[in-house]
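One file, work26.cif, carrying mmCIF, C-alpha atoms:
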data_entry
loop_
_atom_site.label_atom_id
_atom_site.label_comp_id
_atom_site.auth_asym_id
_atom_site.auth_seq_id
_atom_site.Cartn_x
_atom_site.Cartn_y
_atom_site.Cartn_z
CA MET E 1 -6.25 -12.21 -22.45
CA ILE E 2 -7.85 -15.62 -21.98
CA LEU E 3 -11.00 -15.74 -19.86
CA PRO E 4 -12.53 -18.82 -18.27
CA ALA E 5 -15.17 -20.27 -20.57
CA LYS E 6 -17.74 -20.38 -17.75
CA ASN E 7 -18.16 -16.58 -17.70
CA SER E 8 -21.44 -15.26 -19.08
CA PRO E 9 -21.22 -13.17 -22.27
CA LYS E 10 -21.95 -10.00 -20.28
CA GLU E 11 -19.22 -10.76 -17.73
CA ARG E 12 -16.79 -11.64 -20.48
CA ASP E 13 -17.52 -8.43 -22.36
CA SER E 14 -17.09 -6.35 -19.20
CA ALA E 15 -13.81 -8.07 -18.33
CA LEU E 16 -12.53 -7.64 -21.88
CA LEU E 17 -13.44 -3.96 -21.92
CA ALA E 18 -11.66 -3.43 -18.60
CA ALA E 19 -8.57 -5.08 -20.07
CA ILE E 20 -8.85 -2.93 -23.21
CA ALA E 21 -8.99 0.16 -21.02
CA ALA E 22 -5.65 -0.98 -19.60
CA GLY E 23 -4.21 -1.24 -23.13
CA ASP E 24 -4.57 -4.99 -23.70
CA ARG E 25 -4.54 -5.58 -27.46
CA ARG E 26 -5.41 -9.28 -27.14
CA ALA E 27 -8.56 -8.35 -25.26
CA LEU E 28 -9.46 -5.98 -28.09
CA GLU E 29 -8.86 -8.80 -30.54
CA GLU E 30 -11.11 -11.15 -28.59
CA LEU E 31 -13.89 -8.59 -28.33
CA TYR E 32 -13.54 -7.78 -32.05
CA LEU E 33 -13.83 -11.42 -33.05
CA GLY E 34 -16.83 -11.81 -30.77
CA TYR E 35 -18.73 -8.99 -32.46
CA HIS E 36 -17.47 -9.08 -36.03
CA ARG E 37 -19.91 -11.67 -37.35
CA ARG E 38 -22.94 -10.07 -35.71
CA LEU E 39 -22.07 -6.58 -36.91
CA ALA E 40 -21.04 -7.72 -40.40
CA ARG E 41 -24.29 -9.63 -40.90
CA PHE E 42 -26.28 -6.63 -39.68
CA LEU E 43 -24.40 -4.13 -41.84
CA SER E 44 -24.49 -6.37 -44.90
CA ARG E 45 -28.23 -5.75 -44.94
CA PHE E 46 -27.54 -2.09 -45.74
CA THR E 47 -24.54 -2.26 -48.03
CA PRO E 48 -23.26 -5.11 -50.18
CA ARG E 49 -19.69 -3.78 -50.15
CA TYR E 50 -17.43 -5.43 -47.61
CA GLU E 51 -14.98 -2.51 -47.67
CA ASN E 52 -17.77 -0.31 -46.29
CA ILE E 53 -18.72 -2.90 -43.71
CA GLU E 54 -15.10 -3.30 -42.61
CA GLU E 55 -14.64 0.45 -42.41
CA ILE E 56 -17.65 0.80 -40.11
CA ILE E 57 -16.60 -2.12 -37.91
CA ASN E 58 -12.99 -0.95 -37.65
CA ASP E 59 -14.04 2.66 -36.99
CA THR E 60 -16.28 1.29 -34.24
CA PHE E 61 -13.45 -0.63 -32.62
CA MET E 62 -11.08 2.32 -32.90
CA VAL E 63 -13.62 4.21 -30.76
CA VAL E 64 -13.84 1.23 -28.40
CA TRP E 65 -10.03 1.18 -28.11
CA GLN E 66 -9.78 4.90 -27.48
CA ASN E 67 -12.78 5.26 -25.16
CA ALA E 68 -12.86 2.02 -23.17
CA LYS E 69 -11.72 3.98 -20.10
CA GLU E 70 -14.80 6.19 -20.36
CA PHE E 71 -17.27 3.29 -20.17
CA ARG E 72 -19.15 3.58 -16.88
CA ASN E 73 -21.42 0.51 -16.96
CA ALA E 74 -24.50 2.69 -17.49
CA SER E 75 -25.51 0.15 -20.13
CA GLN E 76 -24.40 -3.27 -21.23
CA VAL E 77 -21.12 -3.43 -23.14
CA SER E 78 -22.98 -4.91 -26.11
CA THR E 79 -25.42 -1.99 -26.17
CA TRP E 80 -22.52 0.46 -25.98
CA ILE E 81 -20.65 -1.19 -28.85
CA ILE E 82 -23.72 -1.54 -31.06
CA GLY E 83 -24.56 2.09 -30.28
CA ILE E 84 -21.12 3.16 -31.53
CA ALA E 85 -21.58 1.00 -34.61
CA TYR E 86 -25.06 2.49 -35.16
CA ARG E 87 -23.76 6.06 -35.11
CA THR E 88 -20.75 5.17 -37.25
CA ALA E 89 -22.98 3.42 -39.77
CA LEU E 90 -25.45 6.28 -39.81
CA LYS E 91 -22.66 8.76 -40.60
CA SER E 92 -21.25 6.47 -43.25
CA PHE E 93 -24.62 5.87 -44.88
CA ARG E 94 -25.44 9.57 -44.90
CA ARG E 95 -22.03 10.32 -46.42
CA GLN E 96 -22.47 7.68 -49.09
CA LYS E 97 -26.15 7.79 -49.78
CA ASN E 98 -25.81 5.50 -52.75
CA HIS E 99 -24.52 2.77 -50.49
CA ALA E 100 -26.92 3.44 -47.67
CA VAL E 101 -29.95 2.73 -49.75
CA ALA E 102 -28.30 0.12 -51.85
CA SER E 103 -30.21 -0.73 -54.97
CA LEU E 104 -31.28 -4.29 -55.51
CA GLU E 105 -28.90 -4.57 -58.46
CA ASP E 106 -25.97 -4.12 -56.06
CA TYR E 107 -26.69 -7.38 -54.32
CA PRO E 108 -25.48 -10.64 -55.76
CA GLU E 109 -28.09 -13.28 -56.38
CA GLN E 110 -28.63 -15.03 -53.07
CA THR E 111 -30.47 -18.15 -52.26
CA VAL E 112 -33.56 -17.65 -50.14
CA ASP E 113 -35.30 -19.81 -47.66
CA PRO E 114 -37.32 -22.14 -49.90
CA THR E 115 -40.02 -22.37 -47.26
CA PHE E 116 -40.58 -18.65 -47.48
CA ASP E 117 -42.63 -16.94 -50.14
CA ALA E 118 -40.24 -15.52 -52.77
CA GLU E 119 -42.72 -12.78 -53.58
CA VAL E 120 -42.62 -11.56 -49.98
CA THR E 121 -38.82 -11.57 -50.06
CA ASP E 122 -38.76 -9.41 -53.19
CA TRP E 123 -41.35 -7.01 -51.85
CA LEU E 124 -39.48 -6.81 -48.58
CA LYS E 125 -36.22 -5.82 -50.28
CA HIS E 126 -38.04 -3.11 -52.19
CA GLY E 127 -39.97 -1.91 -49.15
CA LEU E 128 -36.96 -1.77 -46.81
CA SER E 129 -34.85 0.07 -49.37
CA ARG E 130 -37.45 2.85 -49.46
CA LEU E 131 -37.49 3.55 -45.73
CA PRO E 132 -35.55 6.50 -44.29
CA ILE E 133 -32.35 5.16 -42.79
CA GLU E 134 -33.29 5.87 -39.15
CA GLN E 135 -36.58 4.01 -39.53
CA ARG E 136 -34.95 1.09 -41.27
CA LEU E 137 -32.19 0.83 -38.66
CA THR E 138 -34.80 0.84 -35.91
CA LEU E 139 -36.79 -1.90 -37.62
CA GLU E 140 -33.68 -4.00 -38.23
CA LEU E 141 -32.45 -3.52 -34.66
CA ALA E 142 -35.77 -4.93 -33.44
CA TYR E 143 -36.52 -7.63 -35.99
CA HIS E 144 -33.06 -8.67 -37.15
CA MET E 145 -30.97 -8.08 -34.02
CA GLY E 146 -33.79 -8.76 -31.53
CA HIS E 147 -33.22 -5.70 -29.34
CA SER E 148 -35.76 -4.46 -26.81
CA LEU E 149 -37.37 -1.04 -26.98
CA GLU E 150 -35.16 0.26 -24.17
CA GLU E 151 -32.01 -1.16 -25.74
CA ILE E 152 -32.80 0.51 -29.07
CA ALA E 153 -33.38 3.79 -27.24
CA ALA E 154 -29.94 3.40 -25.63
CA ILE E 155 -28.26 2.36 -28.88
CA THR E 156 -29.73 5.23 -30.87
CA GLU E 157 -29.49 7.70 -27.96
CA CYS E 158 -33.13 8.65 -28.48
CA PRO E 159 -36.11 8.78 -26.15
CA VAL E 160 -38.28 5.66 -26.11
CA GLY E 161 -41.07 7.70 -27.70
CA THR E 162 -38.87 8.51 -30.70
CA VAL E 163 -38.06 4.84 -31.17
CA LYS E 164 -41.76 3.96 -31.06
CA ALA E 165 -42.55 6.71 -33.57
CA ARG E 166 -39.80 5.57 -35.97
CA MET E 167 -41.04 2.03 -35.72
CA PHE E 168 -44.63 3.14 -36.25
CA HIS E 169 -43.76 5.05 -39.43
CA ALA E 170 -41.66 2.15 -40.72
CA ARG E 171 -44.58 -0.24 -40.12
CA GLU E 172 -47.01 2.13 -41.83
CA LYS E 173 -44.83 2.47 -44.92
CA LEU E 174 -44.14 -1.22 -45.15
CA ARG E 175 -47.87 -1.91 -44.95
CA GLN E 176 -48.23 0.21 -48.07
CA TYR E 177 -45.25 -1.34 -49.84
CA LEU E 178 -45.92 -4.90 -48.79
CA PRO E 179 -49.57 -5.73 -49.34
CA THR E 180 -48.76 -9.43 -49.34
CA LEU E 181 -47.74 -9.22 -45.69
CA GLY E 182 -51.27 -8.36 -44.82
CA GLY E 183 -52.73 -10.95 -47.12
CA GLY E 184 -53.74 -8.15 -49.49
CA SER E 185 -55.83 -6.48 -46.84
CA SER E 186 -56.22 -2.73 -47.12
CA ASP E 187 -56.76 -2.40 -43.38
CA MET E 188 -54.25 -0.02 -41.86
CA PRO E 189 -52.97 -0.41 -38.32
CA ALA E 190 -54.13 1.97 -35.67
CA ARG E 191 -52.32 5.28 -35.58
CA LEU E 192 -50.27 6.29 -32.61
CA GLY E 193 -51.50 9.18 -30.60
CA MET B 1 -69.95 3.93 -23.29
CA THR B 2 -69.01 7.28 -21.76
CA SER B 3 -66.64 9.75 -23.37
CA ASN B 4 -64.04 9.08 -20.65
CA ARG B 5 -64.20 5.37 -21.25
CA ARG B 6 -63.72 5.86 -24.99
CA THR B 7 -60.68 8.07 -24.34
CA GLU B 8 -59.15 5.47 -22.01
CA ASP B 9 -59.72 2.75 -24.59
CA SER B 10 -58.14 4.87 -27.27
CA VAL B 11 -55.06 5.58 -25.14
CA GLU B 12 -54.72 1.90 -24.29
CA HIS B 13 -55.12 1.02 -27.96
CA HIS B 14 -52.36 3.40 -29.06
CA GLU B 15 -50.03 2.20 -26.32
CA ILE B 16 -50.57 -1.44 -27.15
CA SER B 17 -50.18 -0.82 -30.87
CA ALA B 18 -46.78 0.76 -30.23
CA LEU B 19 -45.65 -2.26 -28.18
CA ILE B 20 -46.51 -4.88 -30.80
CA PRO B 21 -43.02 -5.03 -32.44
CA TRP B 22 -41.41 -5.86 -29.10
CA TYR B 23 -44.15 -8.35 -28.31
CA VAL B 24 -43.24 -10.01 -31.61
CA ASN B 25 -39.49 -10.10 -30.92
CA GLU B 26 -40.20 -11.35 -27.39
CA THR B 27 -38.26 -8.67 -25.53
CA ILE B 28 -41.31 -7.13 -23.88
CA GLY B 29 -41.76 -7.31 -20.10
CA GLU B 30 -44.22 -9.75 -18.59
CA ARG B 31 -46.68 -7.08 -17.52
CA ASP B 32 -46.78 -5.49 -20.97
CA ARG B 33 -47.04 -8.91 -22.58
CA GLN B 34 -50.17 -9.62 -20.58
CA ARG B 35 -51.60 -6.21 -21.57
CA VAL B 36 -51.02 -6.99 -25.26
CA ASP B 37 -52.56 -10.46 -24.87
CA ALA B 38 -55.66 -9.01 -23.25
CA HIS B 39 -55.99 -6.19 -25.79
CA VAL B 40 -55.62 -8.26 -28.96
CA ASP B 41 -58.32 -10.60 -27.70
CA THR B 42 -60.83 -7.80 -28.24
CA CYS B 43 -59.19 -5.46 -30.79
CA VAL B 44 -59.37 -6.72 -34.36
CA PRO B 45 -57.05 -4.07 -35.94
CA CYS B 46 -54.32 -4.84 -33.37
CA ARG B 47 -54.80 -8.59 -33.88
CA ASP B 48 -54.39 -8.09 -37.64
CA ASP B 49 -51.36 -5.88 -37.11
CA LEU B 50 -49.82 -8.47 -34.80
CA ALA B 51 -50.15 -11.07 -37.58
CA VAL B 52 -48.60 -8.65 -40.09
CA GLN B 53 -45.68 -7.83 -37.79
CA ARG B 54 -45.03 -11.52 -37.10
CA ARG B 55 -44.86 -12.15 -40.83
CA LEU B 56 -42.60 -9.14 -41.33
CA CYS B 57 -40.26 -10.27 -38.55
CA GLU B 58 -40.14 -13.79 -40.04
CA ALA B 59 -39.44 -12.32 -43.47
CA ILE B 60 -36.57 -10.19 -42.18
CA GLU B 61 -35.09 -13.12 -40.26
CA ALA B 62 -35.41 -15.36 -43.34
CA GLN B 63 -33.40 -12.99 -45.52
CA PRO B 64 -29.95 -14.40 -46.29
CA ALA B 65 -26.92 -12.81 -44.71
CA VAL B 66 -23.29 -12.94 -45.75
CA ASP B 67 -20.48 -14.06 -43.44
CA TYR B 68 -16.99 -12.62 -43.78
CA MET B 69 -13.60 -13.74 -42.44
CA PRO B 70 -12.54 -11.23 -39.79
CA SER B 71 -8.78 -11.93 -39.69
CA ALA B 72 -7.70 -9.56 -42.49
CA SER B 73 -9.93 -6.78 -41.16
CA LEU B 74 -8.52 -7.29 -37.67
CA LYS B 75 -4.98 -6.96 -39.00
CA ARG B 76 -5.89 -3.64 -40.59
CA LEU B 77 -7.37 -2.48 -37.28
CA HIS B 78 -4.09 -3.33 -35.53
CA ALA B 79 -2.20 -1.42 -38.22
CA ARG B 80 -4.41 1.64 -37.67
CA ILE B 81 -3.81 1.53 -33.93
CA ASP B 82 -0.06 1.12 -34.50
CA ALA B 83 -0.08 4.13 -36.82
CA MET B 84 -2.10 6.19 -34.36
CA GLN B 85 0.25 5.32 -31.49
CA ALA B 86 3.33 6.03 -33.60
CA ASP B 87 1.80 9.34 -34.61
CA ALA B 88 1.07 10.22 -30.98
CA ALA B 89 4.59 9.25 -29.91
CA SER B 90 6.20 11.28 -32.67
CA SER B 91 4.26 14.40 -31.75
CA LEU B 92 5.59 14.40 -28.17
CA PRO B 93 8.48 16.79 -27.50
CA PRO B 94 11.90 15.16 -27.01
CA ALA B 95 12.90 14.51 -23.41
CA GLY B 96 14.51 17.50 -21.75
CA GLN B 97 13.04 20.06 -24.12
CA PRO B 98 11.07 22.75 -22.31
CA MET B 99 7.36 22.80 -23.12
CA ASN B 100 7.21 26.63 -23.15
CA SER B 101 9.15 27.91 -26.09
CA PRO B 102 10.11 31.61 -26.10
CA THR B 103 8.44 31.85 -29.53
CA PRO B 104 5.41 29.58 -29.15
CA TRP B 105 4.13 29.99 -32.72
CA ARG B 106 7.34 28.45 -34.01
CA GLY B 107 6.76 25.39 -31.86
CA TRP B 108 3.18 25.04 -33.02
CA MET B 109 4.19 25.48 -36.63
CA ALA B 110 6.96 22.93 -36.33
CA ALA B 111 4.59 20.49 -34.62
CA SER B 112 1.98 21.01 -37.32
CA ILE B 113 4.51 20.47 -40.07
CA ALA B 114 5.85 17.39 -38.32
CA ALA B 115 2.35 16.00 -37.82
CA MET B 116 1.49 16.65 -41.45
CA ALA B 117 4.73 15.06 -42.57
CA VAL B 118 4.06 11.99 -40.43
CA ALA B 119 0.49 11.77 -41.71
CA VAL B 120 1.63 12.07 -45.32
CA ALA B 121 4.39 9.53 -44.75
CA LEU B 122 1.99 7.10 -43.10
CA LEU B 123 -0.54 7.56 -45.88
CA ALA B 124 2.10 7.05 -48.52
CA ALA B 125 3.49 4.02 -46.71
CA ASP B 126 0.00 2.54 -46.33
CA ARG B 127 -0.77 3.07 -50.02
CA TRP B 128 2.61 1.64 -50.99
CA VAL B 129 2.11 -1.43 -48.79
CA GLN B 130 -1.38 -1.95 -50.20
CA PHE B 131 -0.09 -1.54 -53.76
CA GLU B 132 2.81 -3.87 -53.20
CA SER B 133 0.67 -6.52 -51.51
CA ARG B 134 -1.87 -6.39 -54.31
CA ARG B 135 0.85 -6.56 -56.94
CA ALA B 136 2.77 -9.31 -55.24
CA GLN B 137 -0.12 -11.56 -54.37
CA PRO B 138 -1.86 -13.79 -56.85
CA ASP B 139 -5.64 -13.76 -57.11
CA TYR B 140 -5.72 -17.04 -55.23
CA THR B 141 -4.08 -18.12 -52.00
CA THR B 142 -3.01 -21.48 -50.75
CA VAL B 143 -2.22 -22.59 -47.25
CA THR B 144 0.74 -24.77 -48.27
CA ASN B 145 2.61 -22.34 -50.47
CA SER B 146 6.30 -21.63 -50.56
CA VAL B 147 6.29 -18.81 -48.01
CA PRO B 148 9.31 -19.30 -45.70
CA ARG B 149 8.35 -21.27 -42.62
CA PRO B 150 8.57 -19.44 -39.30
CA PRO B 151 11.12 -21.01 -36.92
CA GLY B 152 9.70 -24.05 -35.20
CA GLU B 153 6.62 -24.28 -37.39
CA ALA B 154 5.37 -27.86 -37.56
CA ILE B 155 1.74 -27.41 -38.57
CA ARG B 156 -0.33 -24.93 -40.53
CA ALA B 157 -3.97 -24.68 -39.59
CA VAL B 158 -7.08 -22.71 -40.42
CA PHE B 159 -9.80 -22.32 -37.82
CA SER B 160 -13.44 -21.46 -38.17
CA PRO B 161 -13.95 -17.67 -38.32
CA THR B 162 -16.36 -17.96 -35.41
CA ILE B 163 -13.89 -19.62 -33.05
CA THR B 164 -13.21 -17.66 -29.87
CA LEU B 165 -9.75 -17.20 -28.44
CA VAL B 166 -10.77 -19.32 -25.47
CA GLU B 167 -11.75 -22.20 -27.74
CA LEU B 168 -8.60 -21.72 -29.80
CA GLN B 169 -6.42 -21.78 -26.69
CA THR B 170 -8.17 -24.89 -25.40
CA ILE B 171 -7.59 -26.74 -28.67
CA LEU B 172 -3.93 -25.68 -28.79
CA ASP B 173 -3.38 -26.71 -25.17
CA GLU B 174 -4.89 -30.11 -25.85
CA ALA B 175 -2.73 -30.63 -28.93
CA GLN B 176 0.31 -29.19 -27.09
CA LEU B 177 0.85 -26.56 -29.75
CA ARG B 178 1.53 -22.85 -29.73
CA ILE B 179 1.11 -20.14 -32.34
CA VAL B 180 4.38 -18.94 -33.86
CA SER B 181 2.89 -16.87 -36.66
CA GLY B 182 -0.40 -15.79 -38.18
CA PRO B 183 -3.10 -15.49 -39.00
CA THR B 184 -2.22 -14.64 -42.58
CA GLU B 185 -4.61 -12.84 -44.91
CA ALA B 186 -6.10 -16.28 -45.63
CA GLY B 187 -6.50 -16.97 -41.91
CA VAL B 188 -3.61 -19.47 -41.71
CA TYR B 189 -1.82 -19.99 -38.39
CA SER B 190 1.67 -21.46 -38.08
CA LEU B 191 1.89 -23.73 -35.06
CA ALA B 192 4.88 -25.16 -33.22
CA SER B 193 4.94 -28.15 -30.93
CA ASN B 194 5.21 -27.39 -27.21
CA ALA B 195 6.32 -30.78 -26.03
CA ALA B 196 7.55 -34.20 -27.02
CA LEU B 197 4.15 -35.14 -28.40
CA PRO B 198 4.62 -36.34 -31.99
CA VAL B 199 3.36 -33.87 -34.55
CA SER B 200 1.16 -36.57 -36.07
CA GLU B 201 -0.67 -36.92 -32.74
CA SER B 202 -1.09 -33.16 -32.44
CA LEU B 203 -2.50 -33.15 -35.97
CA ALA B 204 -4.92 -35.92 -35.11
CA LEU B 205 -6.08 -34.01 -32.03
CA LEU B 206 -6.59 -30.85 -34.08
CA ARG B 207 -8.60 -32.65 -36.74
CA ARG B 208 -11.03 -33.99 -34.18
CA HIS B 209 -12.45 -30.49 -33.74
CA SER B 210 -15.15 -29.20 -36.06
CA THR B 211 -13.78 -25.67 -35.66
CA VAL B 212 -10.52 -26.72 -37.32
CA ARG B 213 -11.11 -26.20 -41.02
CA PHE B 214 -7.66 -27.27 -42.14
CA ALA B 215 -4.61 -28.76 -40.45
CA GLU B 216 -1.51 -29.97 -42.24
CA GLY B 217 2.01 -30.82 -41.14
CA THR B 218 4.83 -28.89 -42.73
CA LEU B 219 7.49 -31.50 -41.91
CA PRO B 220 6.75 -34.15 -44.54
CA GLU B 221 9.39 -36.58 -43.37
CA ARG B 222 7.70 -36.93 -40.00
CA VAL B 223 4.07 -36.28 -40.74
CA SER B 224 1.56 -37.96 -42.93
CA GLY B 225 -2.17 -37.59 -43.25
CA ASN B 226 -4.80 -35.71 -45.10
CA SER B 227 -5.95 -32.21 -44.53
CA ARG B 228 -9.26 -31.73 -42.87
#

Take the structure in the file and write it out as structure tokens.
Amino acid sequence: MILPAKNSPKERDSALLAAIAAGDRRALEELYLGYHRRLARFLSRFTPRYENIEEIINDTFMVVWQNAKEFRNASQVSTWIIGIAYRTALKSFRRQKNHAVASLEDYPEQTVDPTFDAEVTDWLKHGLSRLPIEQRLTLELAYHMGHSLEEIAAITECPVGTVKARMFHAREKLRQYLPTLGGGSSDMPARLG
Amino acid sequence: MTSNRRTEDSVEHHEISALIPWYVNETIGERDRQRVDAHVDTCVPCRDDLAVQRRLCEAIEAQPAVDYMPSASLKRLHARIDAMQADAASSLPPAGQPMNSPTPWRGWMAASIAAMAVAVALLAADRWVQFESRRAQPDYTTVTNSVPRPPGEAIRAVFSPTITLVELQTILDEAQLRIVSGPTEAGVYSLASNAALPVSESLALLRRHSTVRFAEGTLPERVSGNSR
């Protein structure tokens, strides 16, 4: 299925999903290629093993293939797909706890942004690896993927209040783990009510 | 300050504090953005937290990520769907056979055994194919190896992993080429010429695009030039 290039990403995704619902494999391929990089980059932050990443992505698109007919436009296609990937990843990480909270030794040496403080990068890796998986996923969905509060609530199928609470606890813990982020300040952020 | 006023301030403070991450990633609505702006002007803890969250967001964004080629993974997805569809087709009763058997448990048992047999066969076949492919393939791959050429193949090309099908189709249309095979595990497409356009001109058109990582003719007597 080849769509005109002028379509917006949302329109393209919707058209592709409609074609997938009709059994169009090429549409599935196009949608897969459109999301693979984004999902792989996101998942690579939780597990260094590509076989795990591929398994999650392919499980996600098996669900997309089988359930495209059920999509009712209650959310954006991207939110729906990332929501499936979120739940698939969560199951996978819980099943393989060692991979979910990958130790730093699992990651190959990677170059870092030379303009960014290496100490912060190291502390960040340690701090993130100590967060419960739901809190870390929420933080990464906001700060790495750039999703809004409402989108994260839709992706995680949680009330907005739960998303705020997860984010609050993640911020609190990172403040403890990452003193350099606060310039060494011991001030703690205000607690949520 | 009255007790009511303090309570209102506290509620506002908690609400604003919870919104700070989405203020930082710029997905917050305009009204809430203005509320945060007004609050952090007067609330030192929230102003400090805003600075911390900005630094955290920058740190997370600055962390390196790894990119992977999707073509091999996509092939495995297609194989899974093929297997699932074959499994579904094999579990249907043959045409003409009544759905209600006089001894239903026999039908269920036979179906279960058949489904298990198909699953075991598929699993075994999958393992065998994986084993064979691992055994047969060297640790390295080339794009100009001695694999038999598909009929009509004139060019082998590798495209950027981020290329969309629309972009790919546009490039192929321009170069008057069509895909006859691929992508391989290494992401190599075999292309055939659609028209009388010389292959060398199609190659030149391909190589103009930054999304074409490699393009090489496979008919040496007619084509010359360097790979991209």

**Report entry** Exercise answer, chain B residues close to chain E, 9 Å and all atoms listed in the file, as number ranges by chain
**Finding:** B: 10-11, 13-15, 17-19, 21-22, 24-28, 45-46, 48-49, 51-53, 55-71, 73-74, 76-78, 80-81, 161-167, 169

Report task. Choose the residue, out of E:Thr60, E:Asn52, E:Asn7, E:Gln96, that has the smallest atom-to-atom separation from Ile82 (chain E); count all atoms listed in the file. Result ->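 Residue with the minimum atom-to-atom distance to Ile82 (chain E): E:Thr60.
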
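Interatomic distance, CA of Ala195 (chain B) to CA of Ser160 (chain B): 25.0 Å.
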
What do you get, as a CSV table (one decimal) with C-alpha atoms, keeping the file's coordinate frame, if you spell out every residue that the PyMOL selection byres ((chain B and resi 180) around 7) selects here?
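Output below, filename selection30.csv:
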chain,number,residue,atom,x,y,z
B,150,PRO,CA,8.6,-19.4,-39.3
B,153,GLU,CA,6.6,-24.3,-37.4
B,178,ARG,CA,1.5,-22.8,-29.7
B,179,ILE,CA,1.1,-20.1,-32.3
B,181,SER,CA,2.9,-16.9,-36.7
B,190,SER,CA,1.7,-21.5,-38.1
B,191,LEU,CA,1.9,-23.7,-35.1
B,192,ALA,CA,4.9,-25.2,-33.2

Query raised in the report: How many Å lie between CA of Ile20 (chain B) and CA of Ser75 (chain E), rounded to one decimal?
Result: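 One can read the CA of Ile20 (chain B) to CA of Ser75 (chain E) distance as 24.1 Å.
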
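Straight-line separation from CA of Ala170 (chain E) to CA of Thr138 (chain E): 8.5 Å.
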
Where atoms are absent from region 204-221 of chain B, fill them in so it carries N, CA and C atoms, then output it as an mmCIF file, keeping the file's coordinate frame.
data_model
loop_
_atom_site.group_PDB
_atom_site.id
_atom_site.type_symbol
_atom_site.label_atom_id
_atom_site.label_comp_id
_atom_site.auth_asym_id
_atom_site.auth_seq_id
_atom_site.Cartn_x
_atom_site.Cartn_y
_atom_site.Cartn_z
ATOM 1 N N ALA B 204 -3.705 -35.122 -35.300
ATOM 2 C CA ALA B 204 -4.920 -35.920 -35.110
ATOM 3 C C ALA B 204 -5.845 -35.249 -34.099
ATOM 4 N N LEU B 205 -5.263 -34.697 -33.040
ATOM 5 C CA LEU B 205 -6.080 -34.010 -32.030
ATOM 6 C C LEU B 205 -6.757 -32.779 -32.631
ATOM 7 N N LEU B 206 -5.998 -32.039 -33.437
ATOM 8 C CA LEU B 206 -6.590 -30.850 -34.080
ATOM 9 C C LEU B 206 -7.775 -31.235 -34.950
ATOM 10 N N ARG B 207 -7.589 -32.280 -35.729
ATOM 11 C CA ARG B 207 -8.600 -32.650 -36.740
ATOM 12 C C ARG B 207 -9.874 -33.208 -36.129
ATOM 13 N N ARG B 208 -9.808 -33.511 -34.852
ATOM 14 C CA ARG B 208 -11.030 -33.990 -34.180
ATOM 15 C C ARG B 208 -12.036 -32.855 -34.003
ATOM 16 N N HIS B 209 -11.572 -31.624 -34.054
ATOM 17 C CA HIS B 209 -12.450 -30.490 -33.740
ATOM 18 C C HIS B 209 -13.119 -29.937 -34.998
ATOM 19 N N SER B 210 -14.417 -29.713 -34.910
ATOM 20 C CA SER B 210 -15.150 -29.200 -36.060
ATOM 21 C C SER B 210 -14.754 -27.755 -36.393
ATOM 22 N N THR B 211 -14.169 -27.053 -35.412
ATOM 23 C CA THR B 211 -13.780 -25.670 -35.660
ATOM 24 C C THR B 211 -12.426 -25.578 -36.365
ATOM 25 N N VAL B 212 -11.780 -26.720 -36.574
ATOM 26 C CA VAL B 212 -10.520 -26.720 -37.320
ATOM 27 C C VAL B 212 -10.852 -27.039 -38.769
ATOM 28 N N ARG B 213 -10.733 -26.035 -39.614
ATOM 29 C CA ARG B 213 -11.110 -26.200 -41.020
ATOM 30 C C ARG B 213 -10.025 -26.896 -41.825
ATOM 31 N N PHE B 214 -8.787 -26.715 -41.394
ATOM 32 C CA PHE B 214 -7.660 -27.270 -42.140
ATOM 33 C C PHE B 214 -6.516 -27.434 -41.161
ATOM 34 N N ALA B 215 -5.815 -28.561 -41.270
ATOM 35 C CA ALA B 215 -4.610 -28.760 -40.450
ATOM 36 C C ALA B 215 -3.674 -29.650 -41.235
ATOM 37 N N GLU B 216 -2.460 -29.211 -41.422
ATOM 38 C CA GLU B 216 -1.510 -29.970 -42.240
ATOM 39 C C GLU B 216 -0.114 -29.798 -41.667
ATOM 40 N N GLY B 217 0.640 -30.911 -41.600
ATOM 41 C CA GLY B 217 2.010 -30.820 -41.140
ATOM 42 C C GLY B 217 2.876 -30.174 -42.211
ATOM 43 N N THR B 218 3.914 -29.492 -41.756
ATOM 44 C CA THR B 218 4.830 -28.890 -42.730
ATOM 45 C C THR B 218 6.195 -29.574 -42.693
ATOM 46 N N LEU B 219 6.259 -30.699 -41.946
ATOM 47 C CA LEU B 219 7.490 -31.500 -41.910
ATOM 48 C C LEU B 219 7.150 -32.844 -42.541
ATOM 49 N N PRO B 220 7.256 -32.966 -43.855
ATOM 50 C CA PRO B 220 6.750 -34.150 -44.540
ATOM 51 C C PRO B 220 7.445 -35.434 -44.144
ATOM 52 N N GLU B 221 8.696 -35.331 -43.713
ATOM 53 C CA GLU B 221 9.390 -36.580 -43.370
ATOM 54 C C GLU B 221 8.872 -37.209 -42.092
#
